[in-house]
Amino acid sequence: MKFLFELSKEHKTIPTAEIIACLKSEDIKYSIFESTDDVFIIKTQAENKKLKKITNRLSYTYYIDRFLFSCRPSSNEIKKHPIKNKIETNGSIAVRCKNRSKKIESQQIIKSLAEIYTADRKVELDSPDIEIRSIISDSKVYVGQKIFKLNRKQFEERKVQFRPFFSPISLHPKIARVMVNLSSIKNNGILLDPFCGTGGILIEAGIIGIKIIGSDIEQKMIDGCKKNLEYYNIKNYQLYNLDIGDIGKKINKVDAIVTDMPYGKSTTTKGENITILYERAFKNISNLLKENGKAVIGLSNKDFITIGEKFLSIVEKHEFRAHRSLTRHFIVYQK
Ligand SMILES: C[S@@+](CC[C@H](N)C(=O)[O-])C[C@H]1O[C@@H](n2cnc3c(N)ncnc32)[C@H](O)[C@@H]1O
């Protein structure tokens with residue numbers, strides 16, 4: 001079966017990288033059928049049930065559809081497709097369209113799809129049994145049957161200002177979630193954030209059921225982080241008030257490390273030179289990771305990327321413009 005992931009175009013590389021990492025975390029075997037800025041289509045034997053597990057995780061995908069067909073975005077091309085037999089024969093239906101192209105007129109395309117799919121069927125716009133979704137891009141129209149709509153609203157609802165304890169250093173929950181996902185951690189894995197601050201990353205990992213360990217040099221951060229975890233009803237956690245150099249004395253090796261390193265500006269480094277702190281941090285991160293484990297590290301300056309390379313190998317790099325004066329680098333390293 002082929003599945004189509006409709007990507008949020010908020011970032012060039014992250015949406016696809018996140019899906020690939022989540023498929024890996026669920027051991028789903030697949031081949032890539034098509035990959036563009038709008039869609040990621042895979043061919044797999046995996047069942048809906050297995051795919052559902054990753055819908056609870058993804059933060060940069062809008063929908064997962066069963067892929068039906070694609071063609072050039074014109075109504076004549078659509079009419080050529082013998083597609084009707086690919087969907088269930090019974091049930092009410094709605095045909096929807098998302099036009100992601102500024103060049104293509106969608107009206108005729110929707111009309112042709114509606115003619116094909118709604119003939120002999122009850123049309124039900126509010127809660128149809130079958131939802132046909134079409135995505136129009138500049139060069140193609142992709143048609144699929146909706147399987148899952150992802151809950152992206154949740155990330156806005158968990159924004160930092162709604163937590164009992166917050167500070168301007170916290171990441172947006174959507175970004176924290178994608179960092180967790182890029183580590184490909186399995187649901188029964190253990191994830192460590194050694195610079196946990198207010199707990200933004202730990203919350204996103206804890207909500208999807210991953211066991212979490214957090215640590216920070218500031219006691220007030222640990223106290224606040226605890227409040228935040230409790231607020232989201234997360235129970236499976238350990239927190240320590242420790243310098244990055246001392247965590248190894250308290251905990252065993254972990255499956256993944258996901259962290260947003262101190263920027264050296266607004267966040268405290270306790271007066272330590274930032275390069276020395278980063279050297280120590282990467283050395284300890286490497287020691288704390290299990291063999292082949294991944295570390296997803298947020299950095300505020302790309303010069304720090306190479307410090308990590310002394311201890312770990314780089315798997316992926318994603319650049320993210322937080323605002324005009326701050327570009328964040330999310331680097332996926334592997335031990
Ligand atoms: C960028 S913030 C982390 C933000 C976090 N992701 C959040 O959502 O709040 C970096 C954190 O590193 C901590 N920190 C600085 N130096 C440290 C050290 N040597 N060992 C452990 N933690 C340290 C700071 O107290 C700060 O909370």
# chains A, B, ... in the order shown; residues from 1 in each chain; ligands from 1
call {"tool": "select_by_dssp", "arguments": {"residues": "segment 32-230 of chain A", "states": "alpha helix (DSSP H)", "output": "count of residues only"}}
result
60
call {"tool": "residues_near_ligand", "arguments": {"ligand": "ligand 1", "cutoff": "6 Å", "atoms": "only C-alpha atoms and all ligand atoms", "output": "list in words"}}
result
Ile169, Ser170, Leu171, Phe195, Cys196, Gly197, Thr198, Gly199, Gly200, Ile201, Asp216, Ile217, Glu218, Met221, Leu242, Asp243, Ile244, Asp260, Met261, Pro262, Tyr263, Thr267, Thr268 and Thr269 of chain A
call {"tool": "closest_atom_pairs", "arguments": {"of": "segment 152-257 of chain A", "to": "segment 44-64 of chain A", "cutoff": "9 Å", "atoms": "only C-alpha atoms", "output": "JSON lines"}}
result
{"residue": "A:Arg152", "atom": "CA", "partner": "A:Ser59", "partner_atom": "CA", "distance": 6.4}
{"residue": "A:Phe155", "atom": "CA", "partner": "A:Ser59", "partner_atom": "CA", "distance": 8.0}
{"residue": "A:Lys174", "atom": "CA", "partner": "A:Ser59", "partner_atom": "CA", "distance": 5.8}
{"residue": "A:Ile175", "atom": "CA", "partner": "A:Ser59", "partner_atom": "CA", "distance": 8.0}
{"residue": "A:Arg177", "atom": "CA", "partner": "A:Ser59", "partner_atom": "CA", "distance": 6.6}
{"residue": "A:Val178", "atom": "CA", "partner": "A:Ser59", "partner_atom": "CA", "distance": 6.2}
{"residue": "A:Asn181", "atom": "CA", "partner": "A:Arg57", "partner_atom": "CA", "distance": 7.2}
{"residue": "A:Ile208", "atom": "CA", "partner": "A:Arg57", "partner_atom": "CA", "distance": 6.7}
call {"tool": "select_by_dssp", "arguments": {"residues": "segment 90-283 of chain A", "states": "strand (DSSP E or B)", "output": "ChimeraX atom specification"}}
result
/A:93-99,123,130-136,141-149,190-193,211-216,237-241,254-260
call {"tool": "write_last_selection", "arguments": {"atoms": "C-alpha atoms", "output": "PDB file, in the first residue's frame"}}
result
ATOM      1  CA  ILE A  93     -18.258  10.761   0.825  1.00  0.00           C
ATOM      2  CA  ALA A  94     -16.706  14.229   0.745  1.00  0.00           C
ATOM      3  CA  VAL A  95     -14.150  15.463  -1.752  1.00  0.00           C
ATOM      4  CA  ARG A  96     -11.811  18.094  -0.429  1.00  0.00           C
ATOM      5  CA  CYS A  97      -9.021  20.081  -1.980  1.00  0.00           C
ATOM      6  CA  LYS A  98      -5.991  21.900  -0.703  1.00  0.00           C
ATOM      7  CA  ASN A  99      -4.525  24.185  -3.300  1.00  0.00           C
ATOM      8  CA  VAL A 123     -22.353  13.382  -0.221  1.00  0.00           C
ATOM      9  CA  ILE A 130     -14.850   8.476   3.187  1.00  0.00           C
ATOM     10  CA  GLU A 131     -12.865  11.644   2.684  1.00  0.00           C
ATOM     11  CA  ILE A 132     -11.087  12.088  -0.620  1.00  0.00           C
ATOM     12  CA  ARG A 133      -8.330  14.655  -0.313  1.00  0.00           C
ATOM     13  CA  SER A 134      -6.557  16.294  -3.202  1.00  0.00           C
ATOM     14  CA  ILE A 135      -3.438  18.378  -2.868  1.00  0.00           C
ATOM     15  CA  ILE A 136      -2.627  20.655  -5.759  1.00  0.00           C
ATOM     16  CA  VAL A 141      -2.376  16.975  -8.171  1.00  0.00           C
ATOM     17  CA  TYR A 142      -2.126  14.224  -5.550  1.00  0.00           C
ATOM     18  CA  VAL A 143      -5.280  12.355  -4.626  1.00  0.00           C
ATOM     19  CA  GLY A 144      -5.700  10.199  -1.542  1.00  0.00           C
ATOM     20  CA  GLN A 145      -8.173   8.911   0.985  1.00  0.00           C
ATOM     21  CA  LYS A 146      -7.781  10.434   4.420  1.00  0.00           C
ATOM     22  CA  ILE A 147      -6.638   8.065   7.113  1.00  0.00           C
ATOM     23  CA  PHE A 148      -5.331  10.327   9.891  1.00  0.00           C
ATOM     24  CA  LYS A 149      -5.466  14.024  10.628  1.00  0.00           C
ATOM     25  CA  ILE A 190      15.251   6.354  27.776  1.00  0.00           C
ATOM     26  CA  LEU A 191      15.905   9.946  26.753  1.00  0.00           C
ATOM     27  CA  LEU A 192      18.180  12.387  28.564  1.00  0.00           C
ATOM     28  CA  ASP A 193      18.230  16.184  28.382  1.00  0.00           C
ATOM     29  CA  LYS A 211      11.031   7.539  29.921  1.00  0.00           C
ATOM     30  CA  ILE A 212      12.823  10.811  30.581  1.00  0.00           C
ATOM     31  CA  ILE A 213      15.800  12.010  32.581  1.00  0.00           C
ATOM     32  CA  GLY A 214      16.561  15.693  32.951  1.00  0.00           C
ATOM     33  CA  SER A 215      19.414  17.528  34.537  1.00  0.00           C
ATOM     34  CA  ASP A 216      20.440  21.176  34.949  1.00  0.00           C
ATOM     35  CA  TYR A 237      10.808  10.984  35.008  1.00  0.00           C
ATOM     36  CA  GLN A 238      14.017  11.521  36.978  1.00  0.00           C
ATOM     37  CA  LEU A 239      15.482  14.979  37.556  1.00  0.00           C
ATOM     38  CA  TYR A 240      18.921  15.926  38.855  1.00  0.00           C
ATOM     39  CA  ASN A 241      20.536  19.207  39.778  1.00  0.00           C
ATOM     40  CA  VAL A 254      20.749   6.208  27.680  1.00  0.00           C
ATOM     41  CA  ASP A 255      19.221   5.507  24.251  1.00  0.00           C
ATOM     42  CA  ALA A 256      19.069   9.130  23.101  1.00  0.00           C
ATOM     43  CA  ILE A 257      20.162  12.580  24.224  1.00  0.00           C
ATOM     44  CA  VAL A 258      18.147  15.561  23.070  1.00  0.00           C
ATOM     45  CA  THR A 259      19.127  18.987  24.281  1.00  0.00           C
ATOM     46  CA  ASP A 260      19.224  22.691  23.586  1.00  0.00           C
TER      47      ASP A 260
END
call {"tool": "residues_around", "arguments": {"residues": "segment 73-78 of chain A", "least_positions_apart": "2", "cutoff": "6 Å", "atoms": "only C-alpha atoms", "output": "PyMOL selection string"}}
result
chain A and resi 80-81+108-109+112+140-141
call {"tool": "atom_distance", "arguments": {"atom1": "atom CA of His329 of chain A", "atom2": "atom CA of Ile42 of chain A"}}
result
27.7 Å
call {"tool": "residues_around", "arguments": {"residues": "Ser286 of chain A", "least_positions_apart": "6", "cutoff": "9 Å", "atoms": "only C-alpha atoms", "output": "list in words"}}
result
Ala295, Gly308, Phe311, Leu312, Gln334 and Lys335 of chain A
call {"tool": "closest_residue", "arguments": {"among": "A:Thr89, A:Ile297, A:Gly209, A:Asn273", "to": "Lys122 of chain A", "atoms": "only C-alpha atoms"}}
result
A:Thr89
